[in-house]
Amino acid sequence: MTEPRGVTLKDIALRAGVSTAATSQALNDRGSMRPETRERIKAIAAELGYRPNKHAAALRSGRTMSVGFVMADSSLDDGRRALQRARQLASLVRSSAEHGFTVTVLPDSRPDLLPGAQIDVLYFPDPADDRAILREAASRGVPVVATDLYIAGAPGLSVRTGYDAAVRAGLTHLEATGAERIGFLVDESEVPRDQIGESAYLAWTAVRGRTPLVARVDAGRRRLAREVRDLLDRGADAIFAFCEDGPEIYLQLEATSLVIPRDVQLVALCTTEAGSGECALNERLGVTRACVHPELAAEAMFTALGGPLPADGPAVVDLPWELISGATTR
């Protein structure tokens, strides 16, 4: 059984009594035809169920309808980095499919593959990866979309995920509610989110003239309870942690003689990426959250690609974030 033939420009033109060239101009809002003629052609196209062939249009314009996604081999050696990379790739695949694009995965160690990759844009999700492929893309005029990284002189987009802004907002909230010694709990992993968060914390404490209290947790979370106890012994009256640690810290504090939030306050930095259930668990426990939305980076890329990009450097997009007060802060 053969597939039914789709509606073509010729079908619309025959029904409307105009040329296929005029039909194309009407559907693409080009040309100087009368408005009533343009609207009549569009109405006939809608009635017939016409759907434009994006890939045919891409061939005419020289576009490939594919996004290059940079994958680092080193990210697979760290469980948390591997999980984050998988979520980034899944988010890009979903958004690309909605826009009629495919995704081509490229290793960061092989910039020599770029010339034959046939991509419209290179998506660089992790600022810790090898940047040789970015330099190769810039030299070839391939637009680059990078998260939390500004590539000077390269056309494309710099997407700021908001981790640093959300951390500063959470710390300022704790300060405003009376916290005097805020401990910062960070993972030993090299996930950029953790590095950005810690840098924001250290900068914030330096500006405020506060002594930083940083504790590091191993990947298996075997030291989490001990590190929390150490922060409290060092005089912390508030803890800023990442999303996956929020519920366990909350339950640990609940099991002590300390009262939340009178004696110790808690803020967790959460993401709403697909496959991450930690944010919802923190919400159910009433943990105050600084929420960021890195999964929106791919959609921001397609929005930016719909218009002209600066030729002398990347445009900058800030993803949204919000601070949601809960029962763990005053």
# chains A, B, ... in the order shown; residues from 1 in each chain; ligands from 1
>>> select_by_dssp(residues="region 170-215 of chain A", states="helix (DSSP H, G or I)", output="JSON, numbers by chain")
{"A": [170, 171, 172, 173, 174, 175, 176, 192, 193, 194, 195, 196, 197, 198, 199, 200, 201, 202, 203, 204, 205, 206, 207, 208]}
>>> residues_around(residues="Cys270 (chain A)", least_positions_apart="2", cutoff="8 Å", atoms="only C-alpha atoms", output="VMD selection string")
chain A and resid 242 to 244 268 272 278 to 279 289 to 292
>>> closest_residue(among="A:Val186, A:Ala236, A:Leu258, A:Ala117", to="Arg223 (chain A)", atoms="only C-alpha atoms")
A:Val186
>>> closest_residue(among="A:Val145, A:Ala176, A:Val267, A:Val191", to="Leu76 (chain A)", atoms="only C-alpha atoms")
A:Val191
>>> residues_around(residues="Val70 (chain A)", least_positions_apart="3", cutoff="9 Å", atoms="only C-alpha atoms", output="NGL selection string")
:A and (104-108 or 122-126 or 129 or 133)
>>> write_last_selection(atoms="C-alpha atoms", output="PDB file, in the first residue's frame")
ATOM      1  CA  THR A 104      24.728  14.929  14.974  1.00  0.00           C
ATOM      2  CA  VAL A 105      26.956  13.962  17.936  1.00  0.00           C
ATOM      3  CA  LEU A 106      30.610  15.005  17.612  1.00  0.00           C
ATOM      4  CA  PRO A 107      33.453  14.152  20.031  1.00  0.00           C
ATOM      5  CA  ASP A 108      35.240  17.230  21.356  1.00  0.00           C
ATOM      6  CA  LEU A 122      27.447  23.589  16.775  1.00  0.00           C
ATOM      7  CA  TYR A 123      25.965  23.161  20.268  1.00  0.00           C
ATOM      8  CA  PHE A 124      28.650  23.177  23.003  1.00  0.00           C
ATOM      9  CA  PRO A 125      26.930  22.250  26.297  1.00  0.00           C
ATOM     10  CA  ASP A 126      29.869  22.076  28.722  1.00  0.00           C
ATOM     11  CA  ASP A 129      35.190  20.328  27.340  1.00  0.00           C
ATOM     12  CA  ILE A 133      36.336  22.045  18.043  1.00  0.00           C
TER      13      ILE A 133
END
